[in-house]
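Coordinates as given in structure_24.txt (compact mmCIF, C-alpha atoms):
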# COMPACT_ATOMS: atom_id res chain seq x y z
CA MET A 3 -26.85 49.29 -3.00
CA ILE A 4 -30.14 48.64 -4.77
CA PRO A 5 -29.55 49.31 -8.50
CA VAL A 6 -31.72 51.29 -10.92
CA LEU A 7 -33.83 49.66 -13.60
CA LEU A 8 -34.41 52.49 -16.08
CA ILE A 9 -37.45 52.34 -18.39
CA ASN A 10 -36.48 54.16 -21.58
CA LEU A 11 -37.76 54.26 -25.15
CA ASP A 12 -35.14 53.58 -27.83
CA ARG A 13 -35.91 56.93 -29.46
CA SER A 14 -35.56 58.91 -26.20
CA LYS A 15 -31.79 59.41 -26.33
CA ASP A 16 -31.97 62.77 -24.55
CA ARG A 17 -33.69 61.21 -21.56
CA LEU A 18 -31.22 58.34 -21.48
CA ASN A 19 -28.28 60.74 -21.48
CA PHE A 20 -29.89 62.77 -18.71
CA GLN A 21 -30.34 59.70 -16.53
CA LYS A 22 -26.84 58.40 -17.25
CA ASN A 23 -25.43 61.72 -16.07
CA GLN A 24 -27.69 61.90 -13.03
CA LEU A 25 -27.02 58.33 -11.91
CA GLU A 26 -23.29 58.56 -12.58
CA LYS A 27 -23.16 61.66 -10.42
CA LEU A 28 -25.04 59.82 -7.66
CA GLN A 29 -22.91 56.68 -8.21
CA ILE A 30 -25.97 54.43 -8.58
CA PRO A 31 -25.56 51.41 -10.89
CA MET A 32 -28.08 51.33 -13.75
CA HIS A 33 -29.54 48.74 -16.09
CA ARG A 34 -31.61 50.02 -19.03
CA LEU A 35 -34.90 48.30 -19.86
CA ALA A 36 -36.20 49.11 -23.34
CA ALA A 37 -39.71 50.55 -23.02
CA VAL A 38 -42.55 49.08 -25.07
CA GLU A 39 -43.27 51.18 -28.17
CA CYS A 40 -46.76 51.80 -29.52
CA SER A 41 -45.66 50.02 -32.69
CA ASP A 42 -44.76 46.87 -30.75
CA PHE A 43 -48.37 45.62 -30.73
CA THR A 44 -50.90 45.27 -33.54
CA VAL A 45 -54.32 46.91 -33.77
CA SER A 46 -56.02 43.71 -32.62
CA GLU A 47 -53.57 43.33 -29.71
CA TYR A 48 -54.20 46.95 -28.74
CA GLU A 49 -57.98 46.39 -28.72
CA MET A 50 -57.52 43.32 -26.53
CA LEU A 51 -55.33 45.21 -24.04
CA ALA A 52 -56.86 48.70 -24.01
CA ASN A 53 -60.36 47.85 -22.77
CA LYS A 54 -59.71 46.23 -19.40
CA TRP A 55 -59.57 49.36 -17.23
CA GLN A 56 -62.08 52.08 -16.28
CA ARG A 57 -61.83 53.74 -19.69
CA LYS A 58 -60.19 52.88 -22.97
CA LEU A 59 -56.43 53.36 -22.74
CA ARG A 60 -54.35 55.23 -25.27
CA ARG A 61 -51.75 53.18 -27.15
CA ALA A 62 -48.98 55.00 -25.26
CA GLU A 63 -50.67 54.21 -21.94
CA VAL A 64 -50.80 50.52 -22.85
CA GLY A 65 -47.12 50.68 -23.77
CA CYS A 66 -46.30 52.37 -20.47
CA PHE A 67 -48.12 49.70 -18.49
CA LEU A 68 -46.46 46.87 -20.39
CA SER A 69 -43.07 48.51 -19.80
CA HIS A 70 -43.68 48.54 -16.05
CA LYS A 71 -44.95 44.97 -16.22
CA ASN A 72 -41.69 43.95 -17.90
CA ALA A 73 -39.84 45.71 -15.09
CA TRP A 74 -41.81 43.73 -12.49
CA GLN A 75 -40.90 40.53 -14.30
CA HIS A 76 -37.24 41.56 -14.27
CA VAL A 77 -37.39 42.06 -10.50
CA LEU A 78 -38.91 38.62 -10.08
CA ASN A 79 -36.45 36.95 -12.45
CA THR A 80 -33.40 38.45 -10.76
CA ASN A 81 -34.86 37.83 -7.29
CA LYS A 82 -33.59 41.10 -5.87
CA PRO A 83 -34.98 44.61 -5.33
CA TRP A 84 -34.61 47.32 -7.98
CA LEU A 85 -35.38 51.03 -8.09
CA ILE A 86 -37.70 51.19 -11.09
CA LEU A 87 -37.20 54.58 -12.67
CA GLU A 88 -38.98 56.38 -15.49
CA ASP A 89 -36.58 58.45 -17.55
CA ASP A 90 -37.96 61.87 -16.57
CA ALA A 91 -37.44 61.39 -12.82
CA LEU A 92 -35.31 63.82 -10.83
CA LEU A 93 -33.67 62.30 -7.75
CA SER A 94 -32.61 63.72 -4.42
CA LYS A 95 -28.92 63.60 -3.64
CA GLN A 96 -29.87 61.40 -0.66
CA VAL A 97 -31.16 58.54 -2.83
CA PRO A 98 -27.87 56.54 -2.69
CA ASP A 99 -27.96 56.45 1.10
CA ILE A 100 -31.68 55.59 1.06
CA LEU A 101 -31.05 52.70 -1.34
CA LYS A 102 -28.24 51.35 0.83
CA VAL A 103 -30.52 51.22 3.87
CA LEU A 104 -33.46 49.76 1.94
CA GLY A 105 -31.15 47.01 0.74
CA HIS A 106 -30.92 45.58 4.27
CA GLU A 107 -33.04 42.47 4.74
CA TYR A 108 -34.66 43.73 7.93
CA LEU A 109 -36.32 46.55 5.98
CA GLU A 110 -37.60 44.41 3.12
CA LYS A 111 -41.11 45.40 2.05
CA ASP A 112 -43.08 44.81 -1.15
CA TYR A 113 -42.96 48.34 -2.51
CA VAL A 114 -41.40 51.66 -1.47
CA ASN A 115 -42.43 54.82 -3.32
CA LEU A 116 -39.81 57.57 -3.55
CA GLU A 117 -42.01 60.01 -5.48
CA THR A 118 -44.52 62.76 -4.76
CA ARG A 119 -46.78 64.63 -7.19
CA TYR A 120 -48.35 67.42 -5.10
CA ARG A 121 -51.41 65.39 -4.19
CA ARG A 122 -52.36 64.14 -0.75
CA LYS A 123 -51.75 60.54 0.22
CA TRP A 124 -53.01 58.41 3.07
CA LEU A 125 -49.90 57.74 5.15
CA GLY A 126 -49.35 55.92 8.41
CA LYS A 127 -48.96 58.13 11.47
CA LYS A 128 -45.98 56.09 12.68
CA SER A 129 -42.63 56.19 10.91
CA ILE A 130 -39.34 54.33 10.62
CA ASP A 131 -36.16 56.41 10.55
CA LEU A 132 -33.96 55.68 7.53
CA ILE A 133 -31.26 58.31 7.31
CA PRO A 134 -31.07 61.82 8.78
CA ASP A 135 -34.18 63.81 7.71
CA TYR A 136 -35.78 60.85 5.87
CA GLN A 137 -38.28 58.30 7.10
CA LEU A 138 -40.46 55.42 5.92
CA ARG A 139 -44.20 55.72 6.41
CA ARG A 140 -46.85 53.17 5.56
CA LEU A 141 -48.54 54.08 2.28
CA TYR A 142 -52.22 53.18 2.53
CA GLN A 143 -53.60 55.12 -0.45
CA ASP A 144 -51.82 56.92 -3.26
CA ARG A 145 -53.44 58.59 -6.27
CA ASN A 146 -50.79 58.82 -8.98
CA GLY A 147 -47.10 58.60 -9.79
CA SER A 148 -45.00 55.68 -11.05
CA ALA A 149 -41.70 57.44 -11.79
CA ALA A 150 -39.54 56.12 -8.94
CA TYR A 151 -40.28 53.15 -6.72
CA VAL A 152 -38.30 50.31 -5.17
CA LEU A 153 -39.91 46.98 -5.89
CA PHE A 154 -38.97 43.78 -4.05
CA PRO A 155 -39.52 40.27 -5.49
CA SER A 156 -42.50 39.68 -3.18
CA GLY A 157 -44.14 42.84 -4.52
CA ALA A 158 -43.31 41.94 -8.11
CA ARG A 159 -45.13 38.61 -7.74
CA LYS A 160 -48.23 40.34 -6.34
CA LEU A 161 -48.28 42.90 -9.16
CA LEU A 162 -47.82 40.28 -11.86
CA ASP A 163 -50.59 38.15 -10.37
CA ARG A 164 -52.88 41.18 -10.31
CA ALA A 165 -51.97 42.09 -13.90
CA GLU A 166 -52.77 38.54 -15.01
CA LYS A 167 -56.17 38.79 -13.35
CA PHE A 168 -57.23 42.31 -14.31
CA GLY A 169 -55.13 43.32 -17.32
CA PRO A 170 -53.58 46.70 -18.21
CA ALA A 171 -54.47 50.01 -16.57
CA LEU A 172 -52.76 53.34 -16.12
CA ALA A 173 -49.48 52.27 -14.53
CA ASP A 174 -49.73 54.64 -11.57
CA ALA A 175 -53.42 53.85 -10.96
CA PHE A 176 -52.64 50.14 -11.05
CA LEU A 177 -49.95 50.57 -8.40
CA SER A 178 -52.15 52.83 -6.27
CA GLN A 179 -55.03 50.34 -6.29
CA SER A 180 -52.90 47.28 -5.49
CA TYR A 181 -53.87 47.25 -1.83
CA GLU A 182 -52.41 43.78 -1.37
CA LEU A 183 -48.93 45.36 -1.46
CA ASP A 184 -47.02 46.03 1.73
CA ALA A 185 -46.49 49.58 0.46
CA TRP A 186 -44.41 52.37 2.02
CA GLN A 187 -43.54 56.00 1.24
CA ILE A 188 -40.21 57.79 1.59
CA TYR A 189 -40.94 60.92 3.67
CA PRO A 190 -40.02 63.56 2.62
CA ALA A 191 -40.06 62.36 -0.99
CA ALA A 192 -36.75 61.62 -2.69
CA ALA A 193 -37.94 61.88 -6.30
CA ILE A 194 -40.21 63.99 -8.50
CA GLN A 195 -40.95 63.98 -12.20
CA MET A 196 -39.69 66.89 -14.24
CA ASP A 197 -43.21 68.22 -14.79
CA GLN A 198 -43.54 68.76 -11.02
CA CYS A 199 -40.62 71.16 -10.63
CA GLU A 200 -42.86 74.23 -10.70
CA ASN A 201 -45.13 72.82 -7.98
CA TYR A 202 -42.12 72.48 -5.69
CA ASN A 203 -40.52 75.81 -6.62
CA LEU A 204 -37.58 74.20 -8.35
CA ASP A 205 -36.29 76.49 -11.06
CA LEU A 206 -35.37 73.92 -13.69
CA MET A 207 -35.98 74.24 -17.41
CA LEU A 208 -37.57 71.02 -18.63
CA PRO A 209 -35.27 69.35 -21.18
CA PHE A 210 -38.10 67.19 -22.51
CA THR A 211 -41.86 66.66 -22.30
CA SER A 212 -43.98 63.70 -21.29
CA THR A 213 -43.69 60.84 -23.75
CA ILE A 214 -47.30 59.83 -23.18
CA ALA A 215 -48.62 63.38 -23.51
CA SER A 216 -46.75 63.94 -26.75
CA ILE A 217 -48.31 60.95 -28.52
CA ASN A 218 -51.98 60.57 -29.38
CA ASP A 219 -53.39 63.21 -27.03
CA THR A 220 -56.95 62.39 -28.10
CA ARG A 221 -58.48 59.97 -25.62
CA PRO A 222 -60.03 57.01 -27.47
CA MET A 223 -63.74 56.38 -26.97
CA ALA A 224 -65.54 53.19 -26.04
CA ASN A 225 -66.24 50.99 -29.03
CA ASN A 226 -69.95 50.72 -28.26
CA ARG A 227 -72.64 51.53 -25.70
CA ILE A 228 -72.19 48.26 -23.81
CA GLN A 229 -68.48 48.91 -23.40
CA TYR A 230 -69.23 52.45 -22.23
CA TRP A 231 -71.35 51.10 -19.37
CA ILE A 232 -68.74 48.46 -18.51
CA PHE A 233 -66.17 51.23 -18.12
CA LYS A 234 -68.58 53.27 -16.01
CA ILE A 235 -69.36 50.37 -13.67
CA ARG A 236 -65.66 49.60 -13.25
CA ARG A 237 -65.02 53.24 -12.36
CA ILE A 238 -67.82 53.25 -9.76
CA VAL A 239 -66.54 50.01 -8.23
CA ALA A 240 -63.00 51.44 -8.05
CA GLN A 241 -64.27 54.61 -6.34
CA ILE A 242 -66.24 52.56 -3.80
CA ARG A 243 -63.19 50.41 -3.17
CA MET A 244 -61.02 53.50 -2.71
CA GLY A 245 -63.55 55.04 -0.32
CA TRP A 246 -63.70 51.87 1.76
CA ARG A 247 -59.91 51.76 1.86
CA GLN A 248 -59.79 55.30 3.25
CA ILE A 249 -62.43 54.52 5.87
CA SER A 250 -60.55 51.40 6.94
CA VAL A 251 -57.28 53.30 7.57
CA TYR A 252 -58.79 56.49 8.98
CA LYS A 253 -57.71 55.92 12.58
CA LYS A 254 -54.16 54.81 11.81
CA GLY A 255 -53.52 57.06 8.80
CA LYS A 256 -53.28 60.72 7.92
CA HIS A 257 -54.28 62.41 4.66
CA SER A 258 -51.40 64.74 3.88
CA TYR A 259 -49.03 66.11 1.26
CA VAL A 260 -45.55 64.62 1.01
CA PRO A 261 -43.00 67.44 0.93
CA ILE A 262 -39.51 67.47 -0.51
CA LEU A 263 -36.28 68.94 0.84
CA LYS A 264 -35.61 71.46 -1.90
CA SER A 265 -31.90 71.74 -1.10
CA ASP A 266 -31.46 68.00 -1.78
CA PHE A 267 -32.62 68.47 -5.38
CA GLU A 268 -30.89 71.71 -6.31
CA ASN A 269 -27.52 69.98 -6.57
CA GLN A 270 -28.87 68.07 -9.58
CA PHE A 271 -29.48 71.16 -11.70
CA ASN A 272 -26.01 71.22 -13.19
CA LEU A 273 -26.60 67.98 -15.06
CA GLU A 274 -25.95 68.24 -18.78

Once more with this new file: its structure as structure tokens, please.
Amino acid sequence: MIPVLLINLDRSKDRLNFQKNQLEKLQIPMHRLAAVECSDFTVSEYEMLANKWQRKLRRAEVGCFLSHKNAWQHVLNTNKPWLILEDDALLSKQVPDILKVLGHEYLEKDYVNLETRYRRKWLGKKSIDLIPDYQLRRLYQDRNGSAAYVLFPSGARKLLDRAEKFGPALADAFLSQSYELDAWQIYPAAAIQMDQCENYNLDLMLPFTSTIASINDTRPMANNRIQYWIFKIRRIVAQIRMGWRQISVYKKGKHSYVPILKSDFENQFNLE
């Protein structure tokens, strides 16, 4: 079975306990990866890292990206696939069986997303059956979500190369715009973040809030007018690139929501 690589801040003990209980119940082996704290980089390091995307990143967003980057490096170093998991992800009870099938060499891809966030994605019209009721579909264009994805060594190398070239971004946007990945989507989705429970009519009291949202909610501004226009040009280029991507996959893809099987998540609600 593909194991879990859990990204978790040292101070987020409640989240760690939640995931330990969830993964123990699902009998999925876990390795914890300490997330990068905002205090782990200096002001000058932050300024160097925060200005390479389409707007200036918050310190917590830089930390989140660097945490995922460390996870990609771990995948490459170990030379095996891992389910990279953020610590507020809720998993379907079918995830163990999905991971067992994805572990077979004949299904090796670069990247397989387990998550959905109630936004449409461009998916391939054809599918590969995995287990009863679950399929793999080509993922041509996502928009957000980095809470639960299987990354293979080939995908880790591509992401690390891209990070070296372009620098930090929002973690989910970086993944979504890495079109060089052989990317696939579990359909229906086998994971959601806790903040999506209401969207999918799952009656679950949230035991914690977003780590990024709870720190430094004020979005930092560009340092000067030149930087403002650099951000704006990058954003326009990214939108053009995204539009071209959608045009290029129009005939073989479909723009649709990824549902969940509600009954496969309700068994997780008794976690303590």

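The closest residue to Leu263 in chain A, picked from A:Gln187, A:Ser94, A:Ser180, A:Ser148 and counting all atoms listed in the file, is A:Ser94.
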
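Here CA of Asp112 in chain A and CA of Phe67 in chain A stand 18.7 Å from one another.
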
From the set A:Leu204, A:Ile228, A:Leu87, A:Met50, which residue has the shortest atom-to-atom contact distance to Glu117 in chain A, counting all atoms listed in the file? A:Leu87

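Of the listed residues A:Ser69, A:Gln29, A:Asn146, A:Asn81, the one whose atoms come nearest to Lys102 in chain A is A:Gln29, with distances taken using only C-alpha atoms.
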
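Of the listed residues (A:Trp124, A:Trp74, A:Trp55, A:Tyr113), A:Trp55 comes nearest to Lys167 in chain A; the distances count all atoms listed in the file.
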
Option closest in space to Ala36 in chain A, from A:Asn23, A:Leu51, A:Cys66, A:Asp131 [counting only C-alpha atoms]: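 The shortest atom-to-atom distance to Ala36 in chain A comes from A:Cys66.
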
Find the residues near Lys71 in chain A: any atom within 9 Å, counting all atoms listed in the file, skip ones fewer than 5 places away on the same chain, and give them as a list in words.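 Non-adjacent residues within range: Cys66, His76, Ala158, Leu161, Leu162, Ala165 and Ala173 of chain A.
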
Option closest in space to Trp84 in chain A, from A:Arg164, A:Arg145, A:Arg243, A:Arg34 [counting all atoms listed in the file]: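 Of A:Arg164, A:Arg145, A:Arg243, A:Arg34, the one nearest Trp84 in chain A is A:Arg34, counting all atoms listed in the file.
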
Identify, on the basis of only C-alpha atoms, every residue whose closest approach to range 3-7 of chain A does not exceed 8 Å; exclude the query and any residue fewer than 3 positions from it along the same chain; express the result as a list of chain:residue names.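 That gives A:Ile30, A:Pro31, A:Met32, A:His33, A:Arg34, A:Leu35, A:Ala73, A:Pro83, A:Trp84, A:Leu85, A:Ile86, A:Leu87, A:Pro98, A:Leu101, A:Lys102, A:Leu104, A:Gly105.
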
Between CA of Asn115 in chain A and CA of Asp184 in chain A lies a distance of 11.1 Å

Work out how far CA of Leu141 in chain A is from CA of Asp197 in chain A, in Å to one decimal.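 CA of Asp197 in chain A sits 22.8 Å away from CA of Leu141 in chain A.
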
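For range 189-191 of chain A, the set of protein, DNA and RNA residues having any atom at most 7 Å away, when counting all atoms listed in the file and skipping those fewer than 4 positions along the same chain, is Leu116, Glu117, Thr118, Tyr136, Gln137, Leu138, Arg139, Val260, Pro261, Ile262 and Leu263 of chain A.
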
Give me, as a ChimeraX atom specification, all polymer residues having an atom no more than 9 Å from range 46-49 of chain A, counting only C-alpha atoms and skipping those fewer than 2 positions away in the same chain. /A:40,43-44,51-53,58,60-61,64

Please, which residues are within 7 Å of (-34.9, 63.0, -4.5) by the file's coordinates, counting only C-alpha atoms, and could they come as a VMD selection string? chain A and resid 92 to 97 191 to 194 266 to 267

Need the shell around Met223 in chain A: protein/DNA/RNA residues with any atom at most 9 Å away, counting only C-alpha atoms. Skip same-chain ones fewer than 5 positions apart. Format as a PyMOL selection string? chain A and resi 57-59+230

Residues within 7 Å of (-39.0, 54.4, -19.4), file coords, all atoms listed in the file, listed as a VMD selection string: chain A and resid 8 to 11 37 87 to 89
